[in-house]
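J.: Compact mmCIF, C-alpha atoms, saved as target11.txt, coming up:
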# COMPACT_ATOMS: atom_id res chain seq x y z
CA MET A 2 15.86 -9.13 -42.81
CA ASN A 3 13.96 -9.98 -39.63
CA ASN A 4 12.55 -13.37 -38.61
CA ARG A 5 9.01 -12.32 -39.53
CA GLN A 6 10.05 -11.70 -43.15
CA ARG A 7 12.16 -14.88 -43.19
CA THR A 8 9.12 -16.86 -42.06
CA LEU A 9 6.95 -15.42 -44.82
CA ASN A 10 9.73 -16.18 -47.34
CA LEU A 11 9.75 -19.77 -46.05
CA PHE A 12 6.04 -20.08 -46.91
CA GLY A 13 6.74 -18.90 -50.45
CA LEU A 14 9.64 -21.32 -50.80
CA ALA A 15 7.52 -24.22 -49.50
CA GLN A 16 4.77 -23.33 -51.97
CA ARG A 17 7.19 -23.39 -54.90
CA ALA A 18 8.53 -26.74 -53.65
CA GLY A 19 5.01 -28.18 -53.50
CA LYS A 20 5.20 -28.64 -49.73
CA LEU A 21 2.46 -26.16 -48.80
CA VAL A 22 -1.30 -26.36 -49.17
CA SER A 23 -3.54 -23.33 -48.85
CA GLY A 24 -7.23 -22.63 -48.71
CA GLU A 25 -9.65 -23.73 -46.02
CA ALA A 26 -10.89 -26.94 -47.67
CA LEU A 27 -7.44 -28.23 -48.65
CA VAL A 28 -5.91 -27.43 -45.27
CA LEU A 29 -8.78 -29.14 -43.43
CA GLN A 30 -8.35 -32.19 -45.64
CA SER A 31 -4.59 -32.28 -44.96
CA VAL A 32 -5.18 -31.98 -41.19
CA ARG A 33 -7.73 -34.82 -41.23
CA SER A 34 -5.41 -37.07 -43.28
CA ASN A 35 -2.43 -36.31 -40.96
CA LYS A 36 -0.43 -34.76 -43.81
CA ALA A 37 -0.32 -31.25 -42.30
CA LYS A 38 2.74 -30.80 -40.10
CA ILE A 39 1.94 -27.23 -39.01
CA VAL A 40 -0.93 -24.86 -39.82
CA CYS A 41 -0.71 -21.08 -40.15
CA LEU A 42 -3.98 -19.23 -39.59
CA ALA A 43 -4.42 -15.50 -40.16
CA SER A 44 -4.73 -13.53 -36.93
CA ASP A 45 -7.64 -11.58 -38.45
CA ALA A 46 -9.57 -14.66 -39.64
CA SER A 47 -13.29 -14.77 -38.89
CA ASN A 48 -14.46 -16.23 -35.58
CA ASN A 49 -15.98 -19.28 -37.27
CA THR A 50 -12.82 -20.03 -39.24
CA SER A 51 -10.61 -19.52 -36.20
CA LYS A 52 -12.76 -21.81 -34.05
CA GLN A 53 -12.89 -24.47 -36.76
CA PHE A 54 -9.11 -24.62 -37.18
CA LEU A 55 -8.35 -24.33 -33.46
CA ASN A 56 -10.62 -27.32 -32.80
CA LYS A 57 -9.34 -29.43 -35.71
CA CYS A 58 -5.67 -28.76 -34.97
CA GLU A 59 -6.15 -29.52 -31.28
CA TYR A 60 -8.04 -32.75 -32.02
CA TYR A 61 -5.48 -34.00 -34.56
CA ASN A 62 -2.52 -32.68 -32.52
CA VAL A 63 -1.23 -30.36 -35.27
CA PRO A 64 0.67 -27.21 -34.20
CA LEU A 65 -1.13 -23.96 -35.07
CA VAL A 66 0.56 -20.61 -35.69
CA VAL A 67 -1.49 -17.39 -35.54
CA GLU A 68 1.25 -14.83 -36.20
CA PHE A 69 0.40 -13.21 -39.52
CA THR A 70 -2.48 -11.25 -40.98
CA ARG A 71 -4.56 -12.37 -43.92
CA GLU A 72 -2.92 -9.67 -46.04
CA GLU A 73 0.60 -10.95 -45.23
CA ILE A 74 -0.29 -14.57 -46.00
CA SER A 75 -2.12 -13.62 -49.21
CA HIS A 76 0.74 -11.42 -50.41
CA THR A 77 3.31 -14.16 -49.74
CA LEU A 78 1.33 -16.88 -51.52
CA GLY A 79 0.08 -14.67 -54.35
CA LYS A 80 -3.51 -15.76 -53.66
CA ASP A 81 -6.23 -14.54 -51.33
CA ARG A 82 -5.76 -16.94 -48.39
CA THR A 83 -6.60 -17.06 -44.70
CA VAL A 84 -4.93 -20.36 -43.85
CA CYS A 85 -2.08 -22.54 -45.12
CA ALA A 86 -0.31 -25.68 -43.95
CA LEU A 87 3.19 -27.03 -44.37
CA ILE A 88 3.19 -30.72 -45.30
CA ASP A 89 6.91 -31.37 -44.91
CA ASP A 90 8.86 -31.99 -41.68
CA GLY A 91 11.91 -30.06 -42.89
CA PHE A 92 9.91 -26.90 -43.52
CA LYS A 93 8.08 -27.39 -40.20
CA HIS A 94 11.38 -27.50 -38.29
CA SER A 95 12.69 -24.45 -40.16
CA LEU A 96 9.50 -22.55 -39.30
CA GLN A 97 9.69 -23.51 -35.63
CA LYS A 98 13.29 -22.25 -35.45
CA LEU A 99 12.20 -18.86 -36.80
CA LEU A 100 9.23 -18.45 -34.44
As structure tokens, what does this structure read like?
T.:
Amino acid sequence: MNNRQRTLNLFGLAQRAGKLVSGEALVLQSVRSNKAKIVCLASDASNNTSKQFLNKCEYYNVPLVVEFTREEISHTLGKDRTVCALIDDGFKHSLQKLL
């Protein structure tokens, strides 16, 4: 199993543990409230969505990962999603080790 697959598995594990939020509105809310530790945005997200999250993450000093496609994120989470955020430091450190 390669690091790319391990990273996607980590998202699924974090979701089951309740340490991941997904969906544009929830992720934006978690970034604004400083709960988001790291945000993962789909590489094929629309220009408006990409700009919105790039700006928000930069302003609130939240790391942003743009490694996976919308299809990969959606498949991993079992929902149609473009963006998700880890809200736990342990999962954030595990993700950073894999990237």
J.: Of the residues A:Arg7, A:Ala86, A:Lys98, A:Val67, which is the one nearest to A:Gln30, using only C-alpha atoms?
T.: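 Checking each candidate against A:Gln30, we get A:Ala86 as the closest.
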J.: Identify which of the residues A:Leu42, A:Leu100, A:Val32, A:Ala15 lies closest to A:Asn62, counting all atoms listed in the file when measuring atom-to-atom distances.
T.: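 Once distances to A:Asn62 are computed over all atoms listed in the file, the minimum belongs to A:Val32.
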J.: Which is closest to A:Ser47 among A:Arg33, A:Arg71, A:His94, A:His76, if we use all atoms listed in the file?
T.: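 Ranked by minimum distance to A:Ser47, first place goes to A:Arg71.
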J.: Counting all atoms listed in the file, which residue out of A:Asp90, A:Val40, A:Pro64, A:Glu73 sits closest to A:Gly24?
T.: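 The closest residue to A:Gly24 is A:Val40.
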J.: Find the residue from A:Asn56, A:Thr8, A:Ser23, A:Asn3 that sits nearest to A:Gly79; use only C-alpha atoms when measuring.
T.: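 Among the listed residues, the smallest separation from A:Gly79 belongs to A:Ser23.
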J.: Could you jot down the atom CA of A:Gly13 to atom CA of A:Glu59 separation for me, Å, one decimal place?
T.: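 Spanning atom CA of A:Gly13 to atom CA of A:Glu59 is a straight-line distance of 25.4 Å.
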J.: Could you work out how far atom CA of A:Asn10 lies from atom CA of A:Ala26, giving the answer in Å with one decimal?
T.: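 Going from atom CA of A:Ala26 over to atom CA of A:Asn10 covers 23.3 Å.
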J.: Give the answer as one residue: which of A:Leu9, A:Lys36, A:Glu25, A:Lys57 has the shortest atom-to-atom distance to A:Phe69, using all atoms listed in the file?
T.: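 The shortest atom-to-atom distance to A:Phe69 comes from A:Leu9.
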J.: State, in Å with one decimal place, the distance from atom CA of A:Lys20 to atom CA of A:Tyr61.
T.: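 Taking atom CA of A:Lys20 as the start and atom CA of A:Tyr61 as the end point, the length is 19.3 Å.
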J.: Please define a box with edges along x, y and z of the file around all atoms of stretch 10-29 of chain A given in the file, extend it by 8 Å on each side, and return its centre and edge lengths in Å to one decimal, as lines of an AutoDock Vina configuration file.
T.:
center_x = -0.6
center_y = -22.7
center_z = -49.2
size_x = 36.6
size_y = 29.0
size_z = 27.5
J.: Starting from the point (-8.2, -16.2, -42.2), work out which residues of protein, DNA or RNA have an atom no more than 9 Å away when counting all atoms listed in the file; state them as a list in words.
T.: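 Checking each residue against the 9 Å limit leaves Glu25, Leu42, Ala43, Ser44, Asp45, Ala46, Ser47, Thr50, Ser51, Thr70, Arg71, Ile74, Arg82, Thr83 and Val84 of chain A.
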